[in-house]
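Next comes coords_17.txt, a file with compact mmCIF, N, CA and C atoms.
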# COMPACT_ATOMS: atom_id res chain seq x y z
N MET A 1 -19.84 -35.69 -37.58
CA MET A 1 -19.33 -35.40 -36.27
C MET A 1 -20.44 -34.76 -35.44
N LYS A 2 -20.62 -35.28 -34.23
CA LYS A 2 -21.62 -34.75 -33.32
C LYS A 2 -21.02 -33.63 -32.49
N LYS A 3 -21.82 -32.65 -32.24
CA LYS A 3 -21.41 -31.57 -31.36
C LYS A 3 -22.06 -31.78 -30.00
N VAL A 4 -21.27 -31.68 -28.97
CA VAL A 4 -21.79 -31.82 -27.61
C VAL A 4 -21.69 -30.47 -26.93
N ILE A 5 -22.79 -30.03 -26.44
CA ILE A 5 -22.80 -28.74 -25.75
C ILE A 5 -23.00 -29.02 -24.27
N LEU A 6 -22.07 -28.54 -23.49
CA LEU A 6 -22.14 -28.73 -22.05
C LEU A 6 -22.55 -27.43 -21.38
N PHE A 7 -23.47 -27.56 -20.47
CA PHE A 7 -23.87 -26.42 -19.66
C PHE A 7 -23.41 -26.70 -18.24
N GLY A 8 -22.75 -25.76 -17.68
CA GLY A 8 -22.27 -25.99 -16.32
C GLY A 8 -22.10 -24.68 -15.58
N LEU A 9 -21.84 -24.84 -14.35
CA LEU A 9 -21.62 -23.69 -13.49
C LEU A 9 -20.13 -23.44 -13.39
N VAL A 10 -19.75 -22.26 -13.72
CA VAL A 10 -18.35 -21.90 -13.61
C VAL A 10 -18.20 -21.05 -12.35
N VAL A 11 -17.36 -21.50 -11.46
CA VAL A 11 -17.13 -20.78 -10.22
C VAL A 11 -15.78 -20.08 -10.35
N ALA A 12 -15.81 -18.79 -10.21
CA ALA A 12 -14.57 -18.03 -10.33
C ALA A 12 -14.09 -17.64 -8.94
N THR A 13 -12.81 -17.72 -8.77
CA THR A 13 -12.21 -17.22 -7.54
C THR A 13 -11.35 -16.04 -7.92
N LEU A 14 -11.32 -15.06 -7.06
CA LEU A 14 -10.52 -13.87 -7.33
C LEU A 14 -9.06 -14.13 -7.00
N SER A 15 -8.23 -13.87 -7.94
CA SER A 15 -6.80 -13.90 -7.67
C SER A 15 -6.35 -12.46 -7.49
N TYR A 16 -5.12 -12.27 -7.11
CA TYR A 16 -4.62 -10.90 -6.95
C TYR A 16 -4.72 -10.13 -8.25
N ALA A 17 -4.53 -10.80 -9.37
CA ALA A 17 -4.59 -10.13 -10.67
C ALA A 17 -5.98 -9.56 -10.94
N ASP A 18 -7.01 -10.13 -10.30
CA ASP A 18 -8.38 -9.67 -10.51
C ASP A 18 -8.77 -8.48 -9.63
N ILE A 19 -7.95 -8.17 -8.67
CA ILE A 19 -8.27 -7.09 -7.74
C ILE A 19 -8.07 -5.75 -8.44
N VAL A 20 -9.04 -4.87 -8.26
CA VAL A 20 -8.90 -3.52 -8.79
C VAL A 20 -7.83 -2.82 -7.97
N LYS A 21 -6.82 -2.32 -8.64
CA LYS A 21 -5.69 -1.75 -7.94
C LYS A 21 -5.65 -0.23 -8.14
N GLU A 22 -6.62 0.46 -7.57
CA GLU A 22 -6.65 1.92 -7.62
C GLU A 22 -6.30 2.45 -6.25
N MET A 23 -5.40 3.40 -6.22
CA MET A 23 -4.89 3.93 -4.96
C MET A 23 -4.89 5.46 -5.02
N THR A 24 -5.28 6.09 -3.92
CA THR A 24 -5.19 7.54 -3.79
C THR A 24 -4.01 7.84 -2.88
N VAL A 25 -3.11 8.69 -3.35
CA VAL A 25 -1.92 9.03 -2.59
C VAL A 25 -1.90 10.52 -2.30
N TYR A 26 -1.76 10.86 -1.01
CA TYR A 26 -1.61 12.24 -0.57
C TYR A 26 -0.13 12.50 -0.36
N LYS A 27 0.38 13.57 -0.97
CA LYS A 27 1.79 13.89 -0.84
C LYS A 27 2.01 15.40 -0.90
N SER A 28 3.14 15.79 -0.37
CA SER A 28 3.57 17.18 -0.40
C SER A 28 4.09 17.51 -1.80
N PRO A 29 3.97 18.77 -2.21
CA PRO A 29 4.52 19.14 -3.52
C PRO A 29 6.05 19.14 -3.54
N TYR A 30 6.67 19.05 -2.38
CA TYR A 30 8.12 19.17 -2.28
C TYR A 30 8.84 17.85 -2.07
N CYS A 31 8.14 16.75 -2.00
CA CYS A 31 8.76 15.48 -1.65
C CYS A 31 9.04 14.63 -2.89
N GLY A 32 10.31 14.52 -3.27
CA GLY A 32 10.69 13.74 -4.44
C GLY A 32 10.61 12.24 -4.21
N CYS A 33 10.91 11.80 -2.98
CA CYS A 33 10.89 10.35 -2.72
C CYS A 33 9.47 9.80 -2.83
N CYS A 34 8.48 10.62 -2.53
CA CYS A 34 7.09 10.18 -2.66
C CYS A 34 6.78 9.88 -4.13
N GLY A 35 7.26 10.75 -5.01
CA GLY A 35 7.07 10.54 -6.45
C GLY A 35 7.74 9.26 -6.92
N LYS A 36 8.90 8.95 -6.37
CA LYS A 36 9.60 7.72 -6.73
C LYS A 36 8.81 6.50 -6.25
N TRP A 37 8.22 6.59 -5.04
CA TRP A 37 7.40 5.48 -4.53
C TRP A 37 6.17 5.29 -5.42
N ILE A 38 5.54 6.39 -5.80
CA ILE A 38 4.37 6.33 -6.69
C ILE A 38 4.76 5.66 -8.01
N ASP A 39 5.90 6.03 -8.57
CA ASP A 39 6.37 5.41 -9.82
C ASP A 39 6.57 3.91 -9.64
N ALA A 40 7.12 3.50 -8.49
CA ALA A 40 7.32 2.07 -8.21
C ALA A 40 5.98 1.34 -8.15
N MET A 41 4.97 1.96 -7.57
CA MET A 41 3.65 1.33 -7.47
C MET A 41 2.97 1.27 -8.85
N LYS A 42 3.18 2.30 -9.67
CA LYS A 42 2.63 2.28 -11.03
C LYS A 42 3.23 1.13 -11.83
N LYS A 43 4.53 0.88 -11.64
CA LYS A 43 5.18 -0.23 -12.35
C LYS A 43 4.59 -1.57 -11.94
N GLU A 44 4.00 -1.64 -10.75
CA GLU A 44 3.36 -2.87 -10.27
C GLU A 44 1.90 -2.96 -10.70
N GLY A 45 1.44 -1.96 -11.45
CA GLY A 45 0.09 -2.03 -12.01
C GLY A 45 -0.96 -1.20 -11.30
N PHE A 46 -0.57 -0.43 -10.29
CA PHE A 46 -1.55 0.40 -9.60
C PHE A 46 -1.91 1.62 -10.43
N LYS A 47 -3.18 1.96 -10.43
CA LYS A 47 -3.64 3.23 -11.00
C LYS A 47 -3.64 4.20 -9.82
N ILE A 48 -2.88 5.29 -9.94
CA ILE A 48 -2.68 6.21 -8.82
C ILE A 48 -3.40 7.52 -9.06
N ASN A 49 -4.18 7.92 -8.07
CA ASN A 49 -4.78 9.25 -8.04
C ASN A 49 -3.97 10.04 -7.02
N THR A 50 -3.15 10.96 -7.48
CA THR A 50 -2.27 11.73 -6.60
C THR A 50 -2.93 13.04 -6.20
N ILE A 51 -2.98 13.28 -4.89
CA ILE A 51 -3.50 14.54 -4.37
C ILE A 51 -2.34 15.25 -3.69
N ILE A 52 -1.96 16.39 -4.26
CA ILE A 52 -0.83 17.16 -3.74
C ILE A 52 -1.37 18.25 -2.83
N LYS A 53 -0.91 18.20 -1.56
CA LYS A 53 -1.36 19.16 -0.56
C LYS A 53 -0.17 19.57 0.32
N GLU A 54 -0.19 20.80 0.77
CA GLU A 54 0.84 21.26 1.71
C GLU A 54 0.75 20.47 3.02
N LYS A 55 -0.47 20.33 3.53
CA LYS A 55 -0.68 19.62 4.79
C LYS A 55 -1.85 18.66 4.62
N PHE A 56 -1.66 17.45 5.13
CA PHE A 56 -2.74 16.46 5.08
C PHE A 56 -2.77 15.62 6.34
N ASP A 57 -2.42 16.27 7.46
CA ASP A 57 -2.48 15.58 8.75
C ASP A 57 -3.89 15.08 9.06
N ASP A 58 -4.90 15.80 8.57
CA ASP A 58 -6.28 15.36 8.79
C ASP A 58 -6.53 13.98 8.18
N VAL A 59 -5.95 13.72 7.01
CA VAL A 59 -6.09 12.42 6.35
C VAL A 59 -5.39 11.35 7.18
N LYS A 60 -4.19 11.68 7.68
CA LYS A 60 -3.44 10.74 8.49
C LYS A 60 -4.22 10.38 9.77
N ILE A 61 -4.67 11.39 10.49
CA ILE A 61 -5.38 11.18 11.76
C ILE A 61 -6.67 10.39 11.53
N LYS A 62 -7.41 10.75 10.50
CA LYS A 62 -8.67 10.06 10.19
C LYS A 62 -8.45 8.57 9.92
N ASN A 63 -7.27 8.23 9.42
CA ASN A 63 -6.97 6.85 9.05
C ASN A 63 -6.06 6.13 10.04
N GLY A 64 -5.92 6.69 11.24
CA GLY A 64 -5.22 6.00 12.31
C GLY A 64 -3.71 6.16 12.33
N ILE A 65 -3.19 7.11 11.57
CA ILE A 65 -1.75 7.35 11.57
C ILE A 65 -1.42 8.33 12.69
N ARG A 66 -0.50 7.92 13.55
CA ARG A 66 -0.06 8.75 14.67
C ARG A 66 1.42 9.08 14.48
N LYS A 67 1.96 9.87 15.37
CA LYS A 67 3.35 10.30 15.26
C LYS A 67 4.31 9.11 15.11
N ASN A 68 4.09 8.06 15.87
CA ASN A 68 5.00 6.91 15.85
C ASN A 68 4.84 6.01 14.61
N THR A 69 3.81 6.24 13.82
CA THR A 69 3.61 5.44 12.61
C THR A 69 3.65 6.29 11.34
N ALA A 70 3.97 7.57 11.47
CA ALA A 70 3.90 8.50 10.34
C ALA A 70 5.14 8.45 9.45
N SER A 71 4.92 8.85 8.21
CA SER A 71 5.98 9.01 7.22
C SER A 71 5.60 10.19 6.34
N CYS A 72 6.14 10.23 5.14
CA CYS A 72 5.96 11.41 4.30
C CYS A 72 4.67 11.41 3.47
N HIS A 73 4.22 10.29 2.97
CA HIS A 73 3.00 10.26 2.16
C HIS A 73 2.03 9.22 2.72
N THR A 74 0.76 9.43 2.38
CA THR A 74 -0.31 8.56 2.87
C THR A 74 -1.13 8.09 1.67
N ALA A 75 -1.31 6.79 1.56
CA ALA A 75 -2.10 6.22 0.46
C ALA A 75 -3.31 5.49 1.03
N LEU A 76 -4.38 5.51 0.28
CA LEU A 76 -5.61 4.81 0.65
C LEU A 76 -5.97 3.85 -0.48
N ILE A 77 -6.24 2.60 -0.10
CA ILE A 77 -6.62 1.60 -1.09
C ILE A 77 -7.52 0.55 -0.45
N ASP A 78 -8.66 0.35 -1.02
CA ASP A 78 -9.58 -0.72 -0.63
C ASP A 78 -9.86 -0.76 0.87
N GLY A 79 -10.02 0.42 1.48
CA GLY A 79 -10.34 0.50 2.90
C GLY A 79 -9.14 0.44 3.83
N TYR A 80 -7.94 0.38 3.28
CA TYR A 80 -6.71 0.33 4.07
C TYR A 80 -5.89 1.61 3.85
N VAL A 81 -5.07 1.93 4.84
CA VAL A 81 -4.13 3.04 4.73
C VAL A 81 -2.73 2.44 4.55
N ILE A 82 -1.96 3.04 3.66
CA ILE A 82 -0.57 2.66 3.42
C ILE A 82 0.26 3.92 3.69
N GLU A 83 1.06 3.89 4.74
CA GLU A 83 1.81 5.07 5.16
C GLU A 83 3.28 4.90 4.85
N GLY A 84 3.79 5.79 4.01
CA GLY A 84 5.22 5.79 3.72
C GLY A 84 5.65 4.76 2.70
N HIS A 85 6.93 4.39 2.80
CA HIS A 85 7.60 3.61 1.77
C HIS A 85 7.42 2.10 1.94
N VAL A 86 6.17 1.68 1.90
CA VAL A 86 5.80 0.27 2.06
C VAL A 86 6.07 -0.48 0.76
N ASN A 87 6.66 -1.64 0.86
CA ASN A 87 6.97 -2.48 -0.30
C ASN A 87 5.71 -3.04 -0.95
N TYR A 88 5.81 -3.25 -2.24
CA TYR A 88 4.73 -3.86 -3.01
C TYR A 88 4.33 -5.23 -2.45
N SER A 89 5.32 -6.01 -2.03
CA SER A 89 5.03 -7.37 -1.53
C SER A 89 4.06 -7.33 -0.36
N ALA A 90 4.21 -6.37 0.53
CA ALA A 90 3.32 -6.26 1.69
C ALA A 90 1.93 -5.78 1.28
N ILE A 91 1.87 -4.86 0.34
CA ILE A 91 0.58 -4.36 -0.13
C ILE A 91 -0.18 -5.48 -0.83
N LYS A 92 0.52 -6.24 -1.65
CA LYS A 92 -0.11 -7.37 -2.35
C LYS A 92 -0.67 -8.37 -1.34
N LYS A 93 0.13 -8.69 -0.32
CA LYS A 93 -0.30 -9.63 0.72
C LYS A 93 -1.55 -9.09 1.44
N LEU A 94 -1.53 -7.81 1.79
CA LEU A 94 -2.67 -7.19 2.48
C LEU A 94 -3.94 -7.27 1.63
N LEU A 95 -3.83 -6.92 0.36
CA LEU A 95 -5.01 -6.90 -0.51
C LEU A 95 -5.50 -8.29 -0.88
N THR A 96 -4.61 -9.26 -0.82
CA THR A 96 -5.01 -10.65 -1.11
C THR A 96 -5.68 -11.28 0.10
N GLU A 97 -5.06 -11.09 1.27
CA GLU A 97 -5.58 -11.73 2.49
C GLU A 97 -6.72 -10.96 3.14
N LYS A 98 -6.76 -9.65 2.95
CA LYS A 98 -7.81 -8.77 3.49
C LYS A 98 -8.10 -9.01 4.98
N PRO A 99 -7.09 -8.88 5.83
CA PRO A 99 -7.34 -9.07 7.27
C PRO A 99 -8.27 -7.99 7.80
N ASN A 100 -9.21 -8.37 8.65
CA ASN A 100 -10.17 -7.39 9.15
C ASN A 100 -9.75 -6.74 10.46
N ASP A 101 -8.62 -7.14 11.02
CA ASP A 101 -8.16 -6.54 12.26
C ASP A 101 -7.05 -5.51 12.04
N ILE A 102 -6.77 -5.18 10.77
CA ILE A 102 -5.70 -4.25 10.43
C ILE A 102 -6.28 -3.03 9.71
N LYS A 103 -5.83 -1.84 10.15
CA LYS A 103 -6.20 -0.59 9.46
C LYS A 103 -5.35 -0.36 8.23
N GLY A 104 -4.08 -0.79 8.34
CA GLY A 104 -3.17 -0.56 7.22
C GLY A 104 -1.74 -0.92 7.56
N LEU A 105 -0.83 -0.44 6.71
CA LEU A 105 0.59 -0.74 6.84
C LEU A 105 1.40 0.54 6.87
N THR A 106 2.54 0.49 7.53
CA THR A 106 3.41 1.66 7.58
C THR A 106 4.88 1.28 7.63
N VAL A 107 5.70 2.13 7.05
CA VAL A 107 7.13 2.14 7.28
C VAL A 107 7.39 3.53 7.86
N PRO A 108 7.43 3.64 9.20
CA PRO A 108 7.62 4.95 9.82
C PRO A 108 8.95 5.58 9.41
N GLY A 109 8.92 6.89 9.26
CA GLY A 109 10.13 7.61 8.88
C GLY A 109 10.43 7.44 7.41
N MET A 110 11.68 7.62 7.07
CA MET A 110 12.10 7.55 5.67
C MET A 110 13.38 6.70 5.62
N VAL A 111 13.21 5.40 5.48
CA VAL A 111 14.30 4.45 5.61
C VAL A 111 15.06 4.31 4.29
N VAL A 112 16.37 4.50 4.33
CA VAL A 112 17.21 4.35 3.15
C VAL A 112 17.12 2.90 2.66
N GLY A 113 16.84 2.77 1.36
CA GLY A 113 16.74 1.45 0.75
C GLY A 113 15.32 0.96 0.57
N SER A 114 14.36 1.62 1.22
CA SER A 114 12.96 1.26 1.01
C SER A 114 12.51 1.82 -0.35
N PRO A 115 11.41 1.34 -0.92
CA PRO A 115 10.97 1.81 -2.24
C PRO A 115 10.80 3.33 -2.27
N GLY A 116 11.49 3.96 -3.21
CA GLY A 116 11.47 5.41 -3.32
C GLY A 116 12.60 6.09 -2.57
N MET A 117 13.24 5.35 -1.68
CA MET A 117 14.34 5.88 -0.88
C MET A 117 15.67 5.20 -1.24
N GLU A 118 15.78 4.71 -2.46
CA GLU A 118 16.99 4.04 -2.90
C GLU A 118 18.13 5.06 -3.00
N MET A 119 19.29 4.68 -2.51
CA MET A 119 20.48 5.52 -2.57
C MET A 119 21.67 4.64 -2.92
N GLY A 120 21.74 4.26 -4.19
CA GLY A 120 22.82 3.37 -4.62
C GLY A 120 22.71 2.02 -3.95
N ASP A 121 23.83 1.56 -3.41
CA ASP A 121 23.87 0.25 -2.75
C ASP A 121 23.50 0.33 -1.27
N LYS A 122 23.25 1.53 -0.76
CA LYS A 122 22.95 1.67 0.67
C LYS A 122 21.55 1.12 0.96
N LYS A 123 21.47 0.34 2.02
CA LYS A 123 20.17 -0.20 2.42
C LYS A 123 20.20 -0.47 3.92
N MET A 124 19.26 0.10 4.61
CA MET A 124 19.11 -0.11 6.04
C MET A 124 18.03 -1.17 6.26
N PRO A 125 18.22 -2.05 7.23
CA PRO A 125 17.14 -2.99 7.54
C PRO A 125 15.94 -2.24 8.12
N TYR A 126 14.76 -2.70 7.80
CA TYR A 126 13.55 -2.05 8.32
C TYR A 126 12.41 -3.04 8.36
N ASN A 127 11.40 -2.67 9.12
CA ASN A 127 10.19 -3.47 9.24
C ASN A 127 9.00 -2.72 8.66
N ILE A 128 8.13 -3.45 8.02
CA ILE A 128 6.83 -2.92 7.65
C ILE A 128 5.90 -3.32 8.79
N LEU A 129 5.23 -2.34 9.36
CA LEU A 129 4.35 -2.59 10.49
C LEU A 129 2.89 -2.62 10.05
N ALA A 130 2.13 -3.53 10.62
CA ALA A 130 0.68 -3.52 10.46
C ALA A 130 0.12 -2.67 11.59
N ILE A 131 -0.78 -1.77 11.26
CA ILE A 131 -1.47 -0.96 12.26
C ILE A 131 -2.78 -1.65 12.56
N LYS A 132 -2.90 -2.14 13.78
CA LYS A 132 -4.11 -2.86 14.18
C LYS A 132 -5.24 -1.87 14.44
N LYS A 133 -6.45 -2.35 14.46
CA LYS A 133 -7.61 -1.48 14.69
C LYS A 133 -7.58 -0.81 16.05
N ASP A 134 -6.91 -1.44 17.03
CA ASP A 134 -6.81 -0.83 18.36
C ASP A 134 -5.67 0.18 18.45
N GLY A 135 -4.96 0.42 17.33
CA GLY A 135 -3.87 1.39 17.30
C GLY A 135 -2.49 0.80 17.56
N SER A 136 -2.44 -0.43 18.03
CA SER A 136 -1.14 -1.08 18.26
C SER A 136 -0.54 -1.48 16.91
N THR A 137 0.75 -1.80 16.94
CA THR A 137 1.42 -2.23 15.72
C THR A 137 2.09 -3.58 15.94
N VAL A 138 2.29 -4.28 14.84
CA VAL A 138 2.98 -5.57 14.86
C VAL A 138 3.78 -5.66 13.56
N VAL A 139 4.92 -6.33 13.60
CA VAL A 139 5.73 -6.49 12.39
C VAL A 139 4.95 -7.34 11.38
N TYR A 140 4.81 -6.82 10.19
CA TYR A 140 4.09 -7.48 9.09
C TYR A 140 5.07 -8.15 8.12
N GLU A 141 6.14 -7.44 7.80
CA GLU A 141 7.22 -7.96 6.97
C GLU A 141 8.54 -7.34 7.40
N LYS A 142 9.61 -8.12 7.27
CA LYS A 142 10.97 -7.63 7.57
C LYS A 142 11.71 -7.46 6.24
N HIS A 143 12.45 -6.36 6.15
CA HIS A 143 13.25 -6.10 4.93
C HIS A 143 14.64 -5.66 5.31

What does this structure look like when you write it as structure tokens?
Amino acid sequence: MKKVILFGLVVATLSYADIVKEMTVYKSPYCGCCGKWIDAMKKEGFKINTIIKEKFDDVKIKNGIRKNTASCHTALIDGYVIEGHVNYSAIKKLLTEKPNDIKGLTVPGMVVGSPGMEMGDKKMPYNILAIKKDGSTVVYEKH
């Protein structure tokens, strides 16, 4: 039997599974829903570096979060800001598509039924907003 050895160029494309999923999350020591959101992200495979601080408005402001886009916790991942109870589906889409005109995603406030804010069968409709580089927002996903 002859052995044939082939030499070739293998071109790899990055899939979402290949993306390093390390996230830094700033949260208050008193916020339980933030911990639930972090747990939900860990279940999706994120490695979380949690920074517990009384106040972290400086982090929010530095990353383009304003009063109208603010929530309880702020996460940073791969150059993007994730504010509040943003669903995994939107984060995955953001990290896969890597749009260059977006600073990050937010679910302003604390919406019942969003990840970490589950309350039995109660669920309020909400939008995940993309924060554009110019500070404006646009609906990114509807839930």

Interatomic distance (Å, one decimal) between atom C of A:Val112 and atom N of A:Phe46 |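 Answer for the atom C of A:Val112 to atom N of A:Phe46 separation: 22.2 Å.
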
Atom N of A:Lys47 to atom C of A:His85: how many Å, to one decimal?
->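 Between atom N of A:Lys47 and atom C of A:His85 the gap works out to 16.3 Å.
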
Measuring atom to atom with all atoms listed in the file, identify which of A:Leu76, A:Ile48, A:Ala130, A:Ala70 is nearest to A:Gly109.
-> A:Ala70

Neighbour list for stretch 118-125 of chain A as a PyMOL selection string, cut-off 10 Å, only C-alpha atoms, skip fewer than 2 positions in-chain | chain A and resi 33+36-37+111-116+127+142-143

Please enclose the listed atoms of stretch 81-97 of chain A in an axis-aligned box, pad each side by 8 Å, and write out the centre and the three edge lengths in Å, rounded to one decimal, as AutoDock Vina command-line options.
--center_x 0.4 --center_y -3.0 --center_z 1.1 --size_x 30.3 --size_y 33.5 --size_z 24.2

Could you find all residues in stretch 11-130 of chain A that DSSP calls strand (DSSP E or B) from the backbone, and write them as a PyMOL selection string?
-> chain A and resi 22-27+47-52+74-77+80-84+102-107+119+122+127-130

DSSP helix (DSSP H, G or I) residues within chain A, listed as a PDB file with N, CA and C atoms, keeping the file's coordinate frame:
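part.pdb was written with the following content:
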ATOM      1  N   TYR A  16      -5.120 -12.270  -7.110  1.00  0.00           N
ATOM      2  CA  TYR A  16      -4.620 -10.900  -6.950  1.00  0.00           C
ATOM      3  C   TYR A  16      -4.720 -10.130  -8.250  1.00  0.00           C
ATOM      4  N   ALA A  17      -4.530 -10.800  -9.370  1.00  0.00           N
ATOM      5  CA  ALA A  17      -4.590 -10.130 -10.670  1.00  0.00           C
ATOM      6  C   ALA A  17      -5.980  -9.560 -10.940  1.00  0.00           C
ATOM      7  N   ASP A  18      -7.010 -10.130 -10.300  1.00  0.00           N
ATOM      8  CA  ASP A  18      -8.380  -9.670 -10.510  1.00  0.00           C
ATOM      9  C   ASP A  18      -8.770  -8.480  -9.630  1.00  0.00           C
ATOM     10  N   GLY A  32      10.310  14.520  -3.270  1.00  0.00           N
ATOM     11  CA  GLY A  32      10.690  13.740  -4.440  1.00  0.00           C
ATOM     12  C   GLY A  32      10.610  12.240  -4.210  1.00  0.00           C
ATOM     13  N   CYS A  33      10.910  11.800  -2.980  1.00  0.00           N
ATOM     14  CA  CYS A  33      10.890  10.350  -2.720  1.00  0.00           C
ATOM     15  C   CYS A  33       9.470   9.800  -2.830  1.00  0.00           C
ATOM     16  N   CYS A  34       8.480  10.620  -2.530  1.00  0.00           N
ATOM     17  CA  CYS A  34       7.090  10.180  -2.660  1.00  0.00           C
ATOM     18  C   CYS A  34       6.780   9.880  -4.130  1.00  0.00           C
ATOM     19  N   GLY A  35       7.260  10.750  -5.010  1.00  0.00           N
ATOM     20  CA  GLY A  35       7.070  10.540  -6.450  1.00  0.00           C
ATOM     21  C   GLY A  35       7.740   9.260  -6.920  1.00  0.00           C
ATOM     22  N   LYS A  36       8.900   8.950  -6.370  1.00  0.00           N
ATOM     23  CA  LYS A  36       9.600   7.720  -6.730  1.00  0.00           C
ATOM     24  C   LYS A  36       8.810   6.500  -6.250  1.00  0.00           C
ATOM     25  N   TRP A  37       8.220   6.590  -5.040  1.00  0.00           N
ATOM     26  CA  TRP A  37       7.400   5.480  -4.530  1.00  0.00           C
ATOM     27  C   TRP A  37       6.170   5.290  -5.420  1.00  0.00           C
ATOM     28  N   ILE A  38       5.540   6.390  -5.800  1.00  0.00           N
ATOM     29  CA  ILE A  38       4.370   6.330  -6.690  1.00  0.00           C
ATOM     30  C   ILE A  38       4.760   5.660  -8.010  1.00  0.00           C
ATOM     31  N   ASP A  39       5.900   6.030  -8.570  1.00  0.00           N
ATOM     32  CA  ASP A  39       6.370   5.410  -9.820  1.00  0.00           C
ATOM     33  C   ASP A  39       6.570   3.910  -9.640  1.00  0.00           C
ATOM     34  N   ALA A  40       7.120   3.500  -8.490  1.00  0.00           N
ATOM     35  CA  ALA A  40       7.320   2.070  -8.210  1.00  0.00           C
ATOM     36  C   ALA A  40       5.980   1.340  -8.150  1.00  0.00           C
ATOM     37  N   MET A  41       4.970   1.960  -7.570  1.00  0.00           N
ATOM     38  CA  MET A  41       3.650   1.330  -7.470  1.00  0.00           C
ATOM     39  C   MET A  41       2.970   1.270  -8.850  1.00  0.00           C
ATOM     40  N   LYS A  42       3.180   2.300  -9.670  1.00  0.00           N
ATOM     41  CA  LYS A  42       2.630   2.280 -11.030  1.00  0.00           C
ATOM     42  C   LYS A  42       3.230   1.130 -11.830  1.00  0.00           C
ATOM     43  N   LYS A  43       4.530   0.880 -11.640  1.00  0.00           N
ATOM     44  CA  LYS A  43       5.180  -0.230 -12.350  1.00  0.00           C
ATOM     45  C   LYS A  43       4.590  -1.570 -11.940  1.00  0.00           C
ATOM     46  N   ASP A  57      -2.420  16.270   7.460  1.00  0.00           N
ATOM     47  CA  ASP A  57      -2.480  15.580   8.750  1.00  0.00           C
ATOM     48  C   ASP A  57      -3.890  15.080   9.060  1.00  0.00           C
ATOM     49  N   ASP A  58      -4.900  15.800   8.570  1.00  0.00           N
ATOM     50  CA  ASP A  58      -6.280  15.360   8.790  1.00  0.00           C
ATOM     51  C   ASP A  58      -6.530  13.980   8.180  1.00  0.00           C
ATOM     52  N   VAL A  59      -5.950  13.720   7.010  1.00  0.00           N
ATOM     53  CA  VAL A  59      -6.090  12.420   6.350  1.00  0.00           C
ATOM     54  C   VAL A  59      -5.390  11.350   7.180  1.00  0.00           C
ATOM     55  N   LYS A  60      -4.190  11.680   7.680  1.00  0.00           N
ATOM     56  CA  LYS A  60      -3.440  10.740   8.490  1.00  0.00           C
ATOM     57  C   LYS A  60      -4.220  10.380   9.770  1.00  0.00           C
ATOM     58  N   ILE A  61      -4.670  11.390  10.490  1.00  0.00           N
ATOM     59  CA  ILE A  61      -5.380  11.180  11.760  1.00  0.00           C
ATOM     60  C   ILE A  61      -6.670  10.390  11.530  1.00  0.00           C
ATOM     61  N   LYS A  62      -7.410  10.750  10.500  1.00  0.00           N
ATOM     62  CA  LYS A  62      -8.670  10.060  10.190  1.00  0.00           C
ATOM     63  C   LYS A  62      -8.450   8.570   9.920  1.00  0.00           C
ATOM     64  N   LYS A  67       1.960   9.870  15.370  1.00  0.00           N
ATOM     65  CA  LYS A  67       3.350  10.300  15.260  1.00  0.00           C
ATOM     66  C   LYS A  67       4.310   9.110  15.110  1.00  0.00           C
ATOM     67  N   ASN A  68       4.090   8.060  15.870  1.00  0.00           N
ATOM     68  CA  ASN A  68       5.000   6.910  15.850  1.00  0.00           C
ATOM     69  C   ASN A  68       4.840   6.010  14.610  1.00  0.00           C
ATOM     70  N   THR A  69       3.810   6.240  13.820  1.00  0.00           N
ATOM     71  CA  THR A  69       3.610   5.440  12.610  1.00  0.00           C
ATOM     72  C   THR A  69       3.650   6.290  11.340  1.00  0.00           C
ATOM     73  N   TYR A  88       5.810  -3.250  -2.240  1.00  0.00           N
ATOM     74  CA  TYR A  88       4.730  -3.860  -3.010  1.00  0.00           C
ATOM     75  C   TYR A  88       4.330  -5.230  -2.450  1.00  0.00           C
ATOM     76  N   SER A  89       5.320  -6.010  -2.030  1.00  0.00           N
ATOM     77  CA  SER A  89       5.030  -7.370  -1.530  1.00  0.00           C
ATOM     78  C   SER A  89       4.060  -7.330  -0.360  1.00  0.00           C
ATOM     79  N   ALA A  90       4.210  -6.370   0.530  1.00  0.00           N
ATOM     80  CA  ALA A  90       3.320  -6.260   1.690  1.00  0.00           C
ATOM     81  C   ALA A  90       1.930  -5.780   1.280  1.00  0.00           C
ATOM     82  N   ILE A  91       1.870  -4.860   0.340  1.00  0.00           N
ATOM     83  CA  ILE A  91       0.580  -4.360  -0.130  1.00  0.00           C
ATOM     84  C   ILE A  91      -0.180  -5.480  -0.830  1.00  0.00           C
ATOM     85  N   LYS A  92       0.520  -6.240  -1.650  1.00  0.00           N
ATOM     86  CA  LYS A  92      -0.110  -7.370  -2.350  1.00  0.00           C
ATOM     87  C   LYS A  92      -0.670  -8.370  -1.340  1.00  0.00           C
ATOM     88  N   LYS A  93       0.130  -8.690  -0.320  1.00  0.00           N
ATOM     89  CA  LYS A  93      -0.300  -9.630   0.720  1.00  0.00           C
ATOM     90  C   LYS A  93      -1.550  -9.090   1.440  1.00  0.00           C
ATOM     91  N   LEU A  94      -1.530  -7.810   1.790  1.00  0.00           N
ATOM     92  CA  LEU A  94      -2.670  -7.190   2.480  1.00  0.00           C
ATOM     93  C   LEU A  94      -3.940  -7.270   1.630  1.00  0.00           C
ATOM     94  N   LEU A  95      -3.830  -6.920   0.360  1.00  0.00           N
ATOM     95  CA  LEU A  95      -5.010  -6.900  -0.510  1.00  0.00           C
ATOM     96  C   LEU A  95      -5.500  -8.290  -0.880  1.00  0.00           C
ATOM     97  N   THR A  96      -4.610  -9.260  -0.820  1.00  0.00           N
ATOM     98  CA  THR A  96      -5.010 -10.650  -1.110  1.00  0.00           C
ATOM     99  C   THR A  96      -5.680 -11.280   0.100  1.00  0.00           C
ATOM    100  N   GLU A  97      -5.060 -11.090   1.270  1.00  0.00           N
ATOM    101  CA  GLU A  97      -5.580 -11.730   2.490  1.00  0.00           C
ATOM    102  C   GLU A  97      -6.720 -10.960   3.140  1.00  0.00           C
TER     103      GLU A  97
END

Å distance separating atom N of A:Asp57 from atom N of A:Glu97, one decimal place =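 That distance, rounded to one decimal, is 28.2 Å.
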